[in-house]
$ cat run.cif   # mmCIF, C-alpha atoms and all ligand atoms
data_entry
loop_
_atom_site.label_atom_id
_atom_site.label_comp_id
_atom_site.auth_asym_id
_atom_site.auth_seq_id
_atom_site.Cartn_x
_atom_site.Cartn_y
_atom_site.Cartn_z
CA MET A 31 46.75 27.82 67.00
CA PRO A 32 48.65 26.16 69.84
CA VAL A 33 51.94 27.52 68.57
CA LEU A 34 52.93 30.94 69.78
CA CYS A 35 53.76 33.03 66.78
CA SER A 36 54.03 36.39 68.46
CA GLY A 37 55.76 37.90 71.45
CA THR A 38 58.30 40.67 71.73
CA MET A 39 61.27 38.30 71.79
CA GLU A 40 60.24 36.51 68.63
CA ARG A 41 59.25 39.66 66.79
CA ARG A 42 62.61 41.20 67.47
CA TRP A 43 64.30 38.19 65.89
CA VAL A 44 62.40 38.04 62.64
CA PRO A 45 63.88 41.12 60.93
CA LEU A 46 67.32 40.07 62.08
CA LEU A 47 66.91 36.63 60.56
CA LEU A 48 65.46 38.02 57.36
CA LEU A 49 68.65 40.01 57.07
CA LEU A 50 70.96 37.16 57.96
CA VAL A 51 69.45 34.35 55.98
CA PRO A 52 70.48 35.44 52.46
CA TRP A 53 74.08 35.90 53.67
CA LEU A 54 74.30 32.81 55.80
CA PRO A 55 72.86 29.97 53.78
CA GLY A 56 73.75 27.59 56.62
CA LEU A 57 71.35 29.29 59.04
CA HIS A 58 67.93 27.69 59.05
CA PRO A 59 66.04 28.58 62.22
CA CYS A 60 64.39 25.51 63.67
CA LEU A 61 65.55 23.29 60.82
CA LEU A 62 69.11 23.76 62.01
CA CYS A 63 68.21 23.35 65.69
CA PHE A 64 67.82 19.64 65.20
CA GLY A 65 69.99 17.24 63.31
CA PRO A 66 73.48 18.10 62.21
CA PRO A 67 73.60 20.99 59.69
CA ILE A 68 75.78 18.75 57.56
CA GLN A 69 72.76 16.52 57.01
CA TRP A 70 70.91 19.40 55.33
CA ALA A 71 73.98 20.32 53.28
CA ARG A 72 74.35 16.70 52.21
CA LEU A 73 70.72 16.64 51.14
CA CYS A 74 71.35 19.60 48.85
CA ARG A 75 74.57 18.09 47.49
CA GLU A 76 72.74 14.90 46.59
CA ILE A 77 69.95 16.83 44.93
CA ALA A 78 72.51 18.77 42.88
CA ARG A 79 74.26 15.55 41.92
CA SER A 80 71.04 13.87 40.80
CA SER A 81 70.08 16.92 38.75
CA GLN A 82 73.62 17.13 37.29
CA LYS A 83 73.64 20.88 37.85
CA ASP A 84 76.00 22.68 40.19
CA SER A 85 73.71 25.68 40.41
CA GLN A 86 71.12 23.34 41.85
CA HIS A 87 73.14 23.02 45.08
CA GLN A 88 73.05 26.73 45.85
CA HIS A 89 69.44 26.89 44.77
CA CYS A 90 68.55 24.08 47.21
CA LEU A 91 70.31 25.82 50.14
CA GLU A 92 68.52 29.06 49.37
CA ALA A 93 65.18 27.32 49.11
CA LEU A 94 65.75 25.68 52.51
CA ALA A 95 66.75 28.99 54.09
CA GLU A 96 63.71 30.69 52.62
CA ALA A 97 61.37 27.92 53.75
CA ALA A 98 62.82 28.12 57.25
CA VAL A 99 62.23 31.86 57.73
CA PRO A 100 58.54 31.56 58.66
CA LEU A 101 59.53 29.02 61.30
CA ALA A 102 61.75 31.52 63.11
CA PRO A 103 59.01 33.01 65.33
CA VAL A 104 57.82 29.56 66.41
CA THR A 105 58.08 28.67 70.07
CA VAL A 106 56.84 25.49 71.71
CA GLY A 107 56.58 24.53 75.37
CA SER A 108 59.86 23.18 76.71
CA GLY A 109 58.18 19.82 77.22
CA GLN A 110 57.40 19.73 73.49
CA SER A 111 60.91 20.29 72.17
CA GLU A 112 61.43 16.56 71.65
CA ALA A 113 58.18 16.44 69.65
CA LEU A 114 59.40 19.42 67.64
CA ARG A 115 62.67 17.65 66.93
CA LYS A 116 60.77 14.65 65.61
CA ILE A 117 58.62 16.86 63.37
CA ILE A 118 61.70 18.51 61.87
CA MET A 119 63.63 15.26 61.47
CA ASP A 120 60.63 13.59 59.82
CA ALA A 121 60.54 16.47 57.35
CA LEU A 122 64.24 15.99 56.57
CA HIS A 123 63.74 12.27 56.04
CA LEU A 124 60.75 12.94 53.77
CA LEU A 125 62.91 15.26 51.65
CA GLU A 126 65.66 12.65 51.45
CA LYS A 127 63.22 9.94 50.47
CA GLN A 128 61.60 12.02 47.74
CA LYS A 129 64.74 13.56 46.27
CA ASP A 130 64.74 11.35 43.16
CA LYS A 131 60.97 11.20 42.82
CA LYS A 132 59.76 14.80 42.84
CA PRO A 133 61.16 18.22 42.06
CA PHE A 134 62.84 19.54 45.21
CA GLU A 135 60.60 22.65 45.38
CA VAL A 136 57.51 20.46 45.44
CA SER A 137 58.67 18.09 48.17
CA LEU A 138 60.04 21.03 50.21
CA GLN A 139 56.64 22.68 50.01
CA GLU A 140 55.03 19.46 51.20
CA ALA A 141 57.53 19.02 54.02
CA ILE A 142 56.99 22.57 55.31
CA GLN A 143 53.22 22.15 55.03
CA THR A 144 53.46 18.97 57.13
CA ILE A 145 55.63 20.76 59.69
CA TRP A 146 52.98 23.47 60.16
CA VAL A 147 50.14 20.96 60.47
CA LYS A 148 52.03 19.00 63.12
CA LEU A 149 53.08 22.17 64.94
CA SER A 150 49.45 23.19 65.27
CA GLN A 151 48.79 19.93 67.10
CA LEU A 152 51.42 20.55 69.76
CA GLU A 153 50.32 21.60 73.21
CA GLN A 154 50.85 25.23 74.07
CA ALA A 155 52.95 26.26 77.04
CA PRO A 156 51.08 28.51 79.49
CA ALA A 157 51.78 32.19 78.91
CA CYS A 158 54.14 34.12 81.16
CA ILE A 159 52.10 35.88 83.83
CA PRO A 160 53.47 39.31 84.81
CA PRO A 161 54.90 40.91 86.80
CA CYS A 162 57.20 38.54 88.66
CA GLY A 163 58.35 35.03 89.34
CA HIS A 164 60.36 32.29 87.78
CA GLN A 165 57.73 30.29 85.88
CA PRO A 166 59.10 26.88 84.88
CA ALA A 167 55.87 25.74 83.20
CA ALA A 168 55.99 28.71 80.82
CA ARG A 169 59.51 27.94 79.57
CA VAL A 170 59.55 27.63 75.79
CA PHE A 171 61.85 26.33 73.10
CA GLN A 172 62.54 29.17 70.68
CA CYS A 173 63.14 28.25 67.06
CA ALA A 174 64.89 31.52 66.27
CA THR A 175 67.67 30.82 68.76
CA CYS A 176 67.43 27.03 69.18
CA ARG A 177 67.26 27.72 72.92
CA LEU A 178 64.98 27.23 75.88
CA VAL A 179 63.80 30.64 77.05
CA ASP A 180 62.28 31.59 80.40
CA CYS A 181 59.87 34.40 81.17
CA GLN A 182 61.86 37.60 81.58
CA PHE A 183 60.51 38.60 84.97
CA PRO A 184 62.31 39.35 88.23
CA VAL A 185 61.93 36.87 91.09
CA ASP A 186 60.99 39.77 93.42
CA CYS A 187 57.35 40.82 93.27
CA PRO A 188 56.43 44.47 93.94
CA VAL A 189 55.74 45.42 97.56
CA GLN A 190 52.04 45.30 98.42
CA ASP A 191 50.81 47.84 100.93
CA VAL A 192 48.56 46.37 103.58
CA TRP A 193 46.72 48.77 105.86
CA VAL A 194 45.87 47.11 109.10
CA HIS A 195 44.85 48.15 112.60
CA GLU A 196 47.12 47.02 115.38
CA ASP A 197 44.32 45.00 117.02
CA GLU A 198 43.42 43.27 113.80
CA ALA A 199 44.70 39.84 112.77
CA ILE A 200 45.78 39.57 109.18
CA THR A 201 46.43 36.59 106.91
CA LEU A 202 49.02 36.90 104.16
CA HIS A 203 49.17 34.49 101.23
CA CYS A 204 52.35 33.45 99.46
CA ASP A 205 50.45 32.21 96.42
CA VAL A 206 51.34 32.99 92.80
CA PRO A 207 49.15 33.00 89.69
CA PHE A 208 51.24 30.41 87.85
CA ALA A 209 51.76 26.66 88.27
CA VAL A 210 54.45 25.67 90.76
CA PRO A 211 55.75 22.23 91.71
CA PRO A 212 54.08 20.61 94.74
CA GLU A 213 55.72 20.49 98.19
CA LEU A 214 57.51 23.81 97.76
CA GLN A 215 59.42 25.23 100.67
CA VAL A 216 58.02 28.55 101.92
CA THR A 217 60.03 30.93 104.10
CA TRP A 218 58.53 33.92 105.90
CA MET A 219 60.73 36.86 106.85
CA PHE A 220 60.24 40.16 108.63
CA ALA A 221 61.95 43.55 108.40
CA LYS A 222 60.93 45.75 111.30
CA ASP A 223 59.71 49.33 110.79
CA ILE A 224 60.61 49.74 107.13
CA ARG A 225 59.13 49.23 103.71
CA THR A 226 61.89 47.37 101.89
CA GLN A 227 62.90 44.63 99.47
CA ASP A 228 66.48 44.48 100.76
CA LEU A 229 66.89 40.85 101.80
CA ALA A 230 69.76 41.73 104.14
CA LEU A 231 67.28 43.56 106.38
CA PHE A 232 65.00 40.58 106.90
CA GLU A 233 64.98 38.13 109.78
CA GLU A 234 63.63 34.68 109.17
CA LEU A 235 60.37 34.00 110.99
CA GLN A 236 59.33 30.61 109.78
CA ARG A 237 60.16 27.99 107.20
CA GLY A 238 57.98 25.11 106.13
CA ILE A 239 56.34 23.16 103.40
CA GLY A 240 52.67 23.72 102.96
CA GLU A 241 49.77 24.42 100.67
CA PRO A 242 48.26 26.89 100.62
CA PRO A 243 51.15 28.82 102.09
CA SER A 244 49.75 31.50 104.33
CA LEU A 245 50.69 33.35 107.48
CA THR A 246 48.32 34.81 110.04
CA VAL A 247 49.72 37.66 112.09
CA GLN A 248 47.78 38.30 115.29
CA ASP A 249 49.36 41.57 116.43
CA PRO A 250 50.61 43.26 113.28
CA THR A 251 53.78 45.27 113.68
CA LEU A 252 54.92 48.05 111.38
CA GLY A 253 57.35 46.67 108.80
CA THR A 254 57.64 44.41 105.78
CA ILE A 255 56.81 40.74 105.81
CA ALA A 256 58.28 38.78 102.90
CA CYS A 257 57.78 35.23 101.77
CA ARG A 258 60.07 33.19 99.57
CA LEU A 259 58.56 30.41 97.49
CA GLY A 260 61.11 27.67 96.92
CA ALA A 261 64.51 27.06 98.48
CA ALA A 262 67.01 29.96 98.55
CA SER A 263 68.99 28.40 95.68
CA GLU A 264 65.96 27.84 93.45
CA THR A 265 63.54 30.59 94.37
CA LEU A 266 60.40 30.83 92.24
CA ALA A 267 59.13 34.10 93.70
CA ARG A 268 59.49 36.48 96.63
CA LYS A 269 56.45 38.48 97.76
CA TYR A 270 56.55 41.52 100.02
CA PHE A 271 53.80 42.91 102.23
CA TYR A 272 54.29 46.26 103.90
CA LEU A 273 52.15 46.30 107.03
CA ASN A 274 51.15 49.90 107.52
CA VAL A 275 49.78 49.56 111.02
CA SER A 276 47.45 52.20 112.40
CA GLY A 277 46.26 52.80 115.96
CA GLY A 278 48.62 53.22 118.91
CA SER A 279 51.72 55.38 118.82
CA VAL A 280 54.68 54.55 116.60
CA GLU A 281 56.86 54.09 119.70
CA ALA A 282 54.41 51.57 121.08
CA GLU A 283 54.33 49.79 117.73
CA GLN A 284 58.09 49.57 117.65
CA GLY A 285 58.03 48.05 121.12
CA LEU A 286 55.57 45.49 119.83
CA GLN A 287 58.21 43.80 117.72
CA ALA A 288 59.41 41.83 120.74
CA ARG A 289 55.97 40.36 121.19
CA PHE A 290 55.45 39.79 117.51
CA ARG A 291 53.26 36.77 117.49
CA ALA A 292 53.00 34.74 114.33
CA VAL A 293 50.38 32.06 114.31
CA LEU A 294 51.09 30.01 111.29
CA ARG A 295 48.92 27.73 109.31
CA TRP A 296 50.92 24.85 107.95
CA PRO A 297 48.72 21.87 107.13
CA ARG A 298 51.80 19.70 106.77
CA GLY A 299 54.55 21.97 108.06
CA ARG A 300 56.54 22.40 111.17
CA ALA A 301 55.08 23.99 114.29
CA PRO A 302 55.25 27.80 114.39
CA LEU A 303 57.79 29.74 116.39
CA HIS A 304 56.52 30.80 119.78
CA LEU A 305 58.03 34.20 120.17
CA THR A 306 55.71 35.06 123.04
CA THR A 307 56.71 31.89 124.87
CA SER A 308 60.38 32.87 124.68
CA LEU A 309 59.51 36.38 125.81
CA GLN A 310 57.63 35.00 128.80
CA LEU A 311 60.60 32.74 129.55
CA GLY A 312 62.86 35.81 129.36
CA LEU A 313 60.64 37.69 131.81
CA VAL A 314 60.61 34.76 134.23
CA LEU A 315 64.41 34.43 134.05
CA GLY A 316 64.77 38.21 134.57
CA PHE A 317 62.50 38.06 137.60
CA VAL A 318 64.43 35.11 139.08
CA GLY A 319 67.66 37.06 138.53
CA LEU A 320 66.23 40.08 140.31
CA VAL A 321 65.15 37.98 143.27
CA LEU A 322 68.62 36.38 143.47
CA LEU A 323 70.21 39.86 143.35
CA LEU A 324 67.96 41.06 146.17
CA LEU A 325 68.80 37.98 148.25
CA LEU A 326 72.53 38.60 147.73
CA LEU A 327 72.18 42.24 148.76
CA LEU A 328 70.27 41.31 151.92
C1 LIG B 1 51.06 54.42 105.80
O1 LIG B 1 49.74 54.88 105.73
C2 LIG B 1 49.58 56.27 105.97
C3 LIG B 1 48.10 56.59 106.02
O2 LIG B 1 47.44 56.08 104.89
C4 LIG B 1 50.34 57.05 104.92
O3 LIG B 1 50.26 58.42 105.13
C5 LIG B 1 51.80 56.64 104.93
O4 LIG B 1 52.50 57.27 103.90
C6 LIG B 1 51.91 55.13 104.77
N1 LIG B 1 53.32 54.75 104.91
C7 LIG B 1 54.02 54.21 103.94
C8 LIG B 1 55.46 53.94 104.24
O5 LIG B 1 53.54 53.91 102.86
#
$ encode --input "run.cif" --output "structure tokens" --more "lines below"
Ligand SMILES: *[C@@H]1O[C@H](CO)[C@@H](O)[C@H](O)[C@H]1NC(C)=O
Amino acid sequence: MPVLCSGTMERRWVPLLLLLVPWLPGLHPCLLCFGPPIQWARLCREIARSSQKDSQHQHCLEALAEAAVPLAPVTVGSGQSEALRKIIMDALHLLEKQKDKKPFEVSLQEAIQTIWVKLSQLEQAPACIPPCGHQPAARVFQCATCRLVDCQFPVDCPVQDVWVHEDEAITLHCDVPFAVPPELQVTWMFAKDIRTQDLALFEELQRGIGEPPSLTVQDPTLGTIACRLGAASETLARKYFYLNVSGGSVEAEQGLQARFRAVLRWPRGRAPLHLTTSLQLGLVLGFVGLVLLLLLLL
């Protein structure tokens, strides 16, 4: 059935609602999410009036609350919440239309039946894919709370260990297993020597827009490379790759950071940084300075 009826969040809510409903006749999960609650109360008042029995009013509210309980665990994709509203409002209008024609219990049964049939025709939101990332496509509308709910995962993905030889080029991918909007910004960062997720320790290497977002490192240096998918203010995920570089001494590897060469593949992005070019420029300038110093001393 395209409607999610399980999930830890929803399951936690059901017992709570079962407890609350008898005491709060105004609380109808899902039914109450749409349309003013007063509209439901008015429906029951009118039914009581037409039946000429005051007890009928309370009975109607209780029947509504009871009918609503099975709807509590329902969630629909956030894009379907308008469709859900229409389903619920149609049910309310059906009840209003039939209030003088059929016993309330009968038309309520029909209305709820219709709600379930229509719910089963709604498109399902993709499931949340663990363990990390903000997943906008998987956002759902939750009947139990009348709210849109996101996957409860951190934006930071666990660090992946990558064993690589210092002479070996390596390509890292900033892809995620869930749907993301096109033209996302991707930022690559590097934290020298350490295995970390502390953003304060990273230096930005490269920023661009590209698909698939990947980074090829020619001379891997010990440390953590991170990528951020999405702008800083609306990050979808951050991935971390610890490059555990073997071969050569640690001291030599640490010295390599200066000549860290990132050759980037951006089909539609900006040109990569040329760290080696700036290093060469630095060497040339240093040499010129030395020559000038020698000339002055002579
Ligand atoms: C790097 O790899 C070596 C050899 O497999 C291992 O002993 C070491 O613990 C690793 N370093 C980290 C920080 O994981």
$ atom_distance --input "run.cif" --atom1 "atom CA of Ile68 of chain A" --atom2 "atom CA of Gln139 of chain A"
20.9 Å
$ closest_residue --input "run.cif" --among "A:Lys269, A:His203, A:His195, A:Arg169" --to "ligand LIG 1 (chain B)" --atoms "all atoms listed in the file"
A:His195
$ atom_distance --input "run.cif" --atom1 "atom CA of Arg258 of chain A" --atom2 "atom CA of Gly163 of chain A"
10.5 Å
$ residues_near_ligand --input "run.cif" --ligand "ligand LIG 1 (chain B)" --cutoff "12 Å" --atoms "only C-alpha atoms and all ligand atoms" --output "VMD selection string"
chain A and resid 189 to 195 223 to 226 252 to 254 271 to 277 280
$ closest_residue --input "run.cif" --among "A:Leu235, A:Cys63, A:Leu229, A:Leu101" --to "Thr175 of chain A" --atoms "all atoms listed in the file"
A:Cys63
$ residues_around --input "run.cif" --residues "Pro156 of chain A" --least-positions-apart "2" --cutoff "7 Å" --atoms "all atoms listed in the file" --output "ChimeraX atom specification"
/A:154,158,167-168
$ write_last_selection --input "run.cif" --atoms "C-alpha atoms" --output "short mmCIF file (atom, residue, chain, number, x, y, z; two decimals), in the coordinates of the input"
data_model
loop_
_atom_site.label_atom_id
_atom_site.label_comp_id
_atom_site.auth_asym_id
_atom_site.auth_seq_id
_atom_site.Cartn_x
_atom_site.Cartn_y
_atom_site.Cartn_z
CA GLN A 154 50.85 25.23 74.07
CA CYS A 158 54.14 34.12 81.16
CA ALA A 167 55.87 25.74 83.20
CA ALA A 168 55.99 28.71 80.82
#
